[in-house]
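K.L.:
As input, take input.csv (CSV, C-alpha atoms):
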chain,number,residue,atom,x,y,z
A,280,MET,CA,155.9,130.6,192.9
A,281,PRO,CA,159.5,131.9,192.9
A,282,THR,CA,160.6,133.9,189.9
A,283,ILE,CA,164.2,134.1,188.7
A,284,LEU,CA,165.4,137.1,186.7
A,285,VAL,CA,168.0,136.8,184.0
A,286,GLU,CA,169.3,140.0,182.4
A,287,VAL,CA,171.1,140.0,179.0
A,288,MET,CA,172.8,142.9,177.3
A,289,PRO,CA,174.5,143.3,174.0
A,290,LYS,CA,178.3,143.2,174.4
A,291,ALA,CA,179.9,146.6,175.1
A,292,GLU,CA,182.0,146.5,171.9
A,293,LEU,CA,179.0,146.0,169.7
A,294,LEU,CA,177.0,148.9,168.2
A,295,ASP,CA,173.4,148.2,169.4
A,296,PRO,CA,171.6,150.0,166.6
A,297,GLN,CA,168.2,149.8,168.4
A,298,GLY,CA,169.8,151.7,171.4
A,299,LYS,CA,171.4,154.2,169.1
A,300,ALA,CA,168.0,154.9,167.5
A,301,VAL,CA,166.4,155.6,170.9
A,302,SER,CA,169.4,157.7,171.9
A,303,GLY,CA,169.1,159.7,168.7
A,304,ALA,CA,165.3,160.2,169.4
A,305,LEU,CA,166.1,161.5,172.9
A,306,THR,CA,168.6,164.0,171.5
A,307,ARG,CA,166.1,165.2,168.9
A,308,LEU,CA,163.6,165.7,171.8
A,309,GLY,CA,166.0,167.9,173.6
A,310,LYS,CA,167.1,165.4,176.2
A,311,SER,CA,170.7,165.7,175.4
A,312,GLU,CA,171.8,164.8,178.9
A,313,PHE,CA,171.3,161.2,178.0
A,314,THR,CA,174.4,160.4,176.1
A,315,ASP,CA,173.9,156.7,175.4
A,316,VAL,CA,171.1,154.1,175.4
A,317,ARG,CA,171.7,150.3,175.3
A,318,ILE,CA,168.8,147.8,175.0
A,319,GLY,CA,168.9,144.3,176.4
A,320,LYS,CA,166.5,141.7,177.5
A,321,ARG,CA,165.0,140.8,180.8
A,322,PHE,CA,163.7,137.2,181.3
A,323,GLU,CA,161.4,136.2,184.2
A,324,LEU,CA,161.5,132.4,184.8
A,325,THR,CA,158.8,131.1,187.0
A,326,VAL,CA,159.8,127.9,188.9
A,327,ASP,CA,157.5,125.3,190.2
A,328,GLY,CA,158.8,124.5,193.7
A,329,PRO,CA,161.7,125.8,195.8
A,330,ILE,CA,164.9,127.1,194.2
A,331,THR,CA,167.5,124.3,194.8
A,332,ASP,CA,171.2,124.2,193.9
A,333,ALA,CA,170.3,122.1,190.9
A,334,ILE,CA,167.9,124.7,189.7
A,335,ARG,CA,170.5,127.4,190.2
A,336,ALA,CA,173.0,125.4,188.1
A,337,ASP,CA,170.3,124.8,185.4
A,338,VAL,CA,169.5,128.6,185.3
A,339,GLN,CA,173.1,129.4,184.8
A,340,HIS,CA,173.3,126.9,181.9
A,341,ILE,CA,170.0,128.1,180.4
A,342,ALA,CA,171.1,131.7,180.6
A,343,ASP,CA,174.4,131.1,178.9
A,344,GLU,CA,173.2,128.6,176.2
A,345,ILE,CA,169.5,129.4,175.5
A,346,LEU,CA,168.6,132.9,176.6
A,347,SER,CA,171.7,134.6,175.3
A,348,ASN,CA,173.9,134.4,172.3
A,349,SER,CA,177.4,134.5,173.7
A,350,VAL,CA,178.8,135.9,170.4
A,351,ILE,CA,176.9,139.1,170.7
A,352,GLU,CA,175.5,139.2,174.3
A,353,ASP,CA,176.5,139.0,177.9
A,354,VAL,CA,174.5,137.7,180.8
A,355,VAL,CA,174.8,140.6,183.1
A,356,ALA,CA,172.8,139.4,186.1
A,357,ILE,CA,170.9,136.4,187.4
A,358,THR,CA,168.9,137.3,190.5
A,359,TYR,CA,166.6,135.3,192.8
A,360,PRO,CA,164.3,138.1,194.2
A,361,GLU,CA,162.3,135.7,196.3
A,362,ALA,CA,165.2,133.7,197.7
A,363,GLU,CA,166.3,134.4,201.2
B,1254,MET,CA,179.2,158.3,184.0
B,1255,PRO,CA,176.1,157.3,185.9
B,1256,THR,CA,173.8,154.7,184.3
B,1257,ILE,CA,170.1,154.4,184.9
B,1258,LEU,CA,168.3,151.1,184.4
B,1259,VAL,CA,164.7,151.0,183.1
B,1260,GLU,CA,163.0,147.6,183.1
B,1261,VAL,CA,159.9,147.0,181.0
B,1262,MET,CA,157.8,143.8,180.9
B,1263,PRO,CA,154.7,142.8,178.9
B,1264,LYS,CA,151.5,143.2,180.9
B,1265,ALA,CA,150.6,140.1,183.0
B,1266,GLU,CA,147.3,139.7,181.2
B,1267,LEU,CA,148.9,139.5,177.7
B,1268,LEU,CA,150.2,136.3,176.2
B,1269,ASP,CA,153.9,137.1,175.4
B,1270,PRO,CA,154.3,134.5,172.6
B,1271,GLN,CA,158.1,135.0,172.6
B,1272,GLY,CA,158.2,133.9,176.3
B,1273,LYS,CA,155.8,131.0,175.5
B,1274,ALA,CA,158.2,129.8,172.8
B,1275,VAL,CA,161.2,129.8,175.2
B,1276,SER,CA,159.0,128.1,177.9
B,1277,GLY,CA,158.0,125.4,175.4
B,1278,ALA,CA,161.7,124.9,174.4
B,1279,LEU,CA,162.7,124.4,178.0
B,1280,THR,CA,159.9,121.8,178.5
B,1281,ARG,CA,161.1,119.9,175.4
B,1282,LEU,CA,164.6,120.0,176.8
B,1283,GLY,CA,163.4,118.3,179.9
B,1284,LYS,CA,163.5,121.4,182.1
B,1285,SER,CA,159.9,121.1,183.2
B,1286,GLU,CA,160.5,122.8,186.6
B,1287,PHE,CA,160.4,126.1,184.7
B,1288,THR,CA,156.6,126.6,184.3
B,1289,ASP,CA,156.6,130.1,182.7
B,1290,VAL,CA,158.9,132.5,180.9
B,1291,ARG,CA,158.2,136.1,180.2
B,1292,ILE,CA,160.5,138.3,178.2
B,1293,GLY,CA,160.8,142.1,178.6
B,1294,LYS,CA,163.3,144.8,177.9
B,1295,ARG,CA,166.2,146.3,179.9
B,1296,PHE,CA,167.3,149.8,179.0
B,1297,GLU,CA,170.6,151.3,180.2
B,1298,LEU,CA,170.6,155.1,179.9
B,1299,THR,CA,174.0,156.8,180.3
B,1300,VAL,CA,173.8,160.3,181.8
B,1301,ASP,CA,176.3,163.0,181.3
B,1302,GLY,CA,176.7,164.6,184.7
B,1303,PRO,CA,175.1,164.0,188.1
B,1304,ILE,CA,171.6,162.6,188.5
B,1305,THR,CA,169.5,165.5,189.6
B,1306,ASP,CA,165.8,165.6,190.5
B,1307,ALA,CA,165.1,167.0,187.0
B,1308,ILE,CA,166.8,164.0,185.4
B,1309,ARG,CA,164.8,161.6,187.6
B,1310,ALA,CA,161.6,163.3,186.5
B,1311,ASP,CA,162.8,163.1,182.9
B,1312,VAL,CA,163.6,159.4,183.2
B,1313,GLN,CA,160.1,158.6,184.6
B,1314,HIS,CA,158.5,160.5,181.7
B,1315,ILE,CA,160.8,158.8,179.1
B,1316,ALA,CA,160.2,155.4,180.5
B,1317,ASP,CA,156.4,155.9,180.4
B,1318,GLU,CA,156.2,157.6,177.0
B,1319,ILE,CA,159.1,156.5,174.9
B,1320,LEU,CA,160.7,153.3,176.2
B,1321,SER,CA,157.4,151.5,176.9
B,1322,ASN,CA,154.0,151.1,175.2
B,1323,SER,CA,151.5,151.5,178.0
B,1324,VAL,CA,148.9,149.6,176.1
B,1325,ILE,CA,150.8,146.3,176.3
B,1326,GLU,CA,153.8,147.0,178.7
B,1327,ASP,CA,154.5,148.0,182.3
B,1328,VAL,CA,157.5,149.8,183.5
B,1329,VAL,CA,158.4,147.5,186.4
B,1330,ALA,CA,161.5,149.2,187.7
B,1331,ILE,CA,163.7,152.3,187.4
B,1332,THR,CA,166.9,152.0,189.3
B,1333,TYR,CA,169.9,154.2,189.8
B,1334,PRO,CA,172.7,151.8,190.5
B,1335,GLU,CA,175.4,154.4,191.0
B,1336,ALA,CA,173.3,156.8,193.0
B,1337,GLU,CA,174.0,157.0,196.7
The structure given in the file should be rewritten as structure tokens.
P.N.:
Amino acid sequence: MPTILVEVMPKAELLDPQGKAVSGALTRLGKSEFTDVRIGKRFELTVDGPITDAIRADVQHIADEILSNSVIEDVVAITYPEAE
Amino acid sequence: MPTILVEVMPKAELLDPQGKAVSGALTRLGKSEFTDVRIGKRFELTVDGPITDAIRADVQHIADEILSNSVIEDVVAITYPEAE
């Protein structure tokens, strides 16, 4: 069954404390070449049946309204790995 | 500065209750064509300087040991969007 990927990241102007914590841990481990880490989400939606234009419109809507909080997050990518 | 993407997903054999909750919400909203949702993480690592072979090895190690918990998660992709 086809899978759709939706990728969501915290907005660039926000701090992302979780990412800062990982970045600090890398620095303490001596990996100072990594200057910044940001942590977002990756959703895999499995669709029953072919990916139609209606489903693409639905996915855009779901990504904007349900999977992300537009106050603090951006939908950075919606990809259809198994679409031709 | 180059950015490296690391994508981590819960292992296929685990339940992923967060994804199940979203999947249930979509069904209640009438979007029953989406049969499953799984939620993972997307890390953006910013590197100071060019991406060398040493950095690639470091990233593989960091992805396996620090960014993911190999008991419950798989590193599904490490991509270098700005590498040629």
K.L.:
Find the residues of chain B in contact range of chain A, meaning any atom within 6 Å when counting only C-alpha atoms, and list them as a PyMOL selection string.
P.N.:
chain B and resi 1286-1301
K.L.:
With C-alpha atoms retained, export the selected residues as a PDB file, in the frame of the given file.
P.N.:
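result_25.pdb written:
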ATOM      1  CA  GLU B1286     160.500 122.800 186.600  1.00  0.00           C
ATOM      2  CA  PHE B1287     160.400 126.100 184.700  1.00  0.00           C
ATOM      3  CA  THR B1288     156.600 126.600 184.300  1.00  0.00           C
ATOM      4  CA  ASP B1289     156.600 130.100 182.700  1.00  0.00           C
ATOM      5  CA  VAL B1290     158.900 132.500 180.900  1.00  0.00           C
ATOM      6  CA  ARG B1291     158.200 136.100 180.200  1.00  0.00           C
ATOM      7  CA  ILE B1292     160.500 138.300 178.200  1.00  0.00           C
ATOM      8  CA  GLY B1293     160.800 142.100 178.600  1.00  0.00           C
ATOM      9  CA  LYS B1294     163.300 144.800 177.900  1.00  0.00           C
ATOM     10  CA  ARG B1295     166.200 146.300 179.900  1.00  0.00           C
ATOM     11  CA  PHE B1296     167.300 149.800 179.000  1.00  0.00           C
ATOM     12  CA  GLU B1297     170.600 151.300 180.200  1.00  0.00           C
ATOM     13  CA  LEU B1298     170.600 155.100 179.900  1.00  0.00           C
ATOM     14  CA  THR B1299     174.000 156.800 180.300  1.00  0.00           C
ATOM     15  CA  VAL B1300     173.800 160.300 181.800  1.00  0.00           C
ATOM     16  CA  ASP B1301     176.300 163.000 181.300  1.00  0.00           C
TER      17      ASP B1301
END
K.L.:
Present chain B as a compact mmCIF listing (two decimals) with C-alpha atoms, in the frame of the given file, least-squares fitted onto chain A over all of its C-alpha atoms paired in order.
P.N.:
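Output (part-v3.txt):
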# COMPACT_ATOMS: atom_id res chain seq x y z
CA MET B 1254 155.91 130.63 192.88
CA PRO B 1255 159.47 131.85 192.90
CA THR B 1256 160.65 133.92 189.91
CA ILE B 1257 164.20 134.15 188.68
CA LEU B 1258 165.39 137.16 186.72
CA VAL B 1259 168.00 136.79 183.93
CA GLU B 1260 169.33 140.02 182.43
CA VAL B 1261 171.09 139.99 179.07
CA MET B 1262 172.75 142.98 177.34
CA PRO B 1263 174.54 143.36 173.98
CA LYS B 1264 178.31 143.23 174.34
CA ALA B 1265 179.91 146.66 175.08
CA GLU B 1266 182.00 146.49 171.93
CA LEU B 1267 178.97 146.02 169.60
CA LEU B 1268 176.96 148.88 168.20
CA ASP B 1269 173.35 148.12 169.37
CA PRO B 1270 171.59 150.08 166.57
CA GLN B 1271 168.24 149.79 168.41
CA GLY B 1272 169.77 151.66 171.42
CA LYS B 1273 171.39 154.19 169.01
CA ALA B 1274 167.96 154.91 167.51
CA VAL B 1275 166.39 155.58 170.95
CA SER B 1276 169.49 157.70 171.92
CA GLY B 1277 169.09 159.75 168.72
CA ALA B 1278 165.32 160.21 169.43
CA LEU B 1279 166.05 161.53 172.89
CA THR B 1280 168.63 164.02 171.49
CA ARG B 1281 166.05 165.27 168.95
CA LEU B 1282 163.58 165.66 171.77
CA GLY B 1283 165.97 167.92 173.54
CA LYS B 1284 167.05 165.38 176.15
CA SER B 1285 170.73 165.72 175.40
CA GLU B 1286 171.83 164.82 178.98
CA PHE B 1287 171.23 161.19 178.00
CA THR B 1288 174.45 160.42 176.03
CA ASP B 1289 173.91 156.66 175.40
CA VAL B 1290 171.17 154.05 175.41
CA ARG B 1291 171.67 150.36 175.26
CA ILE B 1292 168.83 147.90 175.05
CA GLY B 1293 168.94 144.30 176.35
CA LYS B 1294 166.55 141.64 177.47
CA ARG B 1295 164.96 140.76 180.84
CA PHE B 1296 163.76 137.21 181.32
CA GLU B 1297 161.45 136.18 184.18
CA LEU B 1298 161.51 132.41 184.74
CA THR B 1299 158.76 131.02 187.00
CA VAL B 1300 159.81 127.92 188.95
CA ASP B 1301 157.50 125.31 190.24
CA GLY B 1302 158.78 124.50 193.71
CA PRO B 1303 161.72 125.73 195.79
CA ILE B 1304 164.94 127.00 194.24
CA THR B 1305 167.46 124.30 194.85
CA ASP B 1306 171.16 124.20 193.97
CA ALA B 1307 170.26 122.05 190.93
CA ILE B 1308 167.86 124.72 189.67
CA ARG B 1309 170.52 127.43 190.15
CA ALA B 1310 172.95 125.37 188.10
CA ASP B 1311 170.23 124.85 185.50
CA VAL B 1312 169.46 128.56 185.32
CA GLN B 1313 173.17 129.46 184.77
CA HIS B 1314 173.37 126.90 181.94
CA ILE B 1315 170.05 128.12 180.38
CA ALA B 1316 171.04 131.70 180.58
CA ASP B 1317 174.40 131.00 178.87
CA GLU B 1318 173.12 128.60 176.21
CA ILE B 1319 169.53 129.37 175.48
CA LEU B 1320 168.53 132.85 176.64
CA SER B 1321 171.69 134.59 175.36
CA ASN B 1322 173.91 134.43 172.26
CA SER B 1323 177.43 134.51 173.62
CA VAL B 1324 178.78 135.82 170.39
CA ILE B 1325 177.00 139.18 170.72
CA GLU B 1326 175.47 139.17 174.31
CA ASP B 1327 176.54 139.01 177.95
CA VAL B 1328 174.51 137.67 180.74
CA VAL B 1329 174.91 140.58 183.16
CA ALA B 1330 172.84 139.37 186.06
CA ILE B 1331 170.91 136.40 187.47
CA THR B 1332 168.92 137.27 190.51
CA TYR B 1333 166.60 135.38 192.78
CA PRO B 1334 164.30 138.02 194.14
CA GLU B 1335 162.26 135.74 196.36
CA ALA B 1336 165.17 133.72 197.65
CA GLU B 1337 166.24 134.35 201.21
K.L.:
What is the CA of Arg1281 (chain B)-CA of Asp332 (chain A) distance in Å, reported with one decimal?
P.N.:
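Between CA of Arg1281 (chain B) and CA of Asp332 (chain A) the gap works out to 21.5 Å.
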K.L.:
Suppose you want the space between CA of Gln1271 (chain B) and CA of Arg335 (chain A); what is it in Å?
P.N.:
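These two atoms are separated by 22.8 Å.
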K.L.:
Enter the distance from CA of Glu1266 (chain B) to CA of Thr1332 (chain B), in Å, rounded to one decimal.
P.N.:
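Distance between the two atoms: 24.5 Å.
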K.L.:
Counting all atoms listed in the file, what is within 8 Å of Glu1326 (chain B), bar same-chain residues fewer than 3 positions away, as a tab-separated table (two decimals) with C-alpha atoms, in the coordinates of the input?
P.N.:
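Full text of selection_2.tsv as output:
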chain	number	residue	atom	x	y	z
B	1261	VAL	CA	159.90	147.00	181.00
B	1262	MET	CA	157.80	143.80	180.90
B	1263	PRO	CA	154.70	142.80	178.90
B	1264	LYS	CA	151.50	143.20	180.90
B	1321	SER	CA	157.40	151.50	176.90
B	1322	ASN	CA	154.00	151.10	175.20
B	1323	SER	CA	151.50	151.50	178.00
K.L.:
I need the residue nearest Val1324 (chain B) from this list: B:Thr1305, B:Pro1255, B:Ala1265, B:Ala1274. Use only C-alpha atoms for the distance.
P.N.:
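Comparing B:Thr1305, B:Pro1255, B:Ala1265, B:Ala1274 against Val1324 (chain B), the winner is B:Ala1265.
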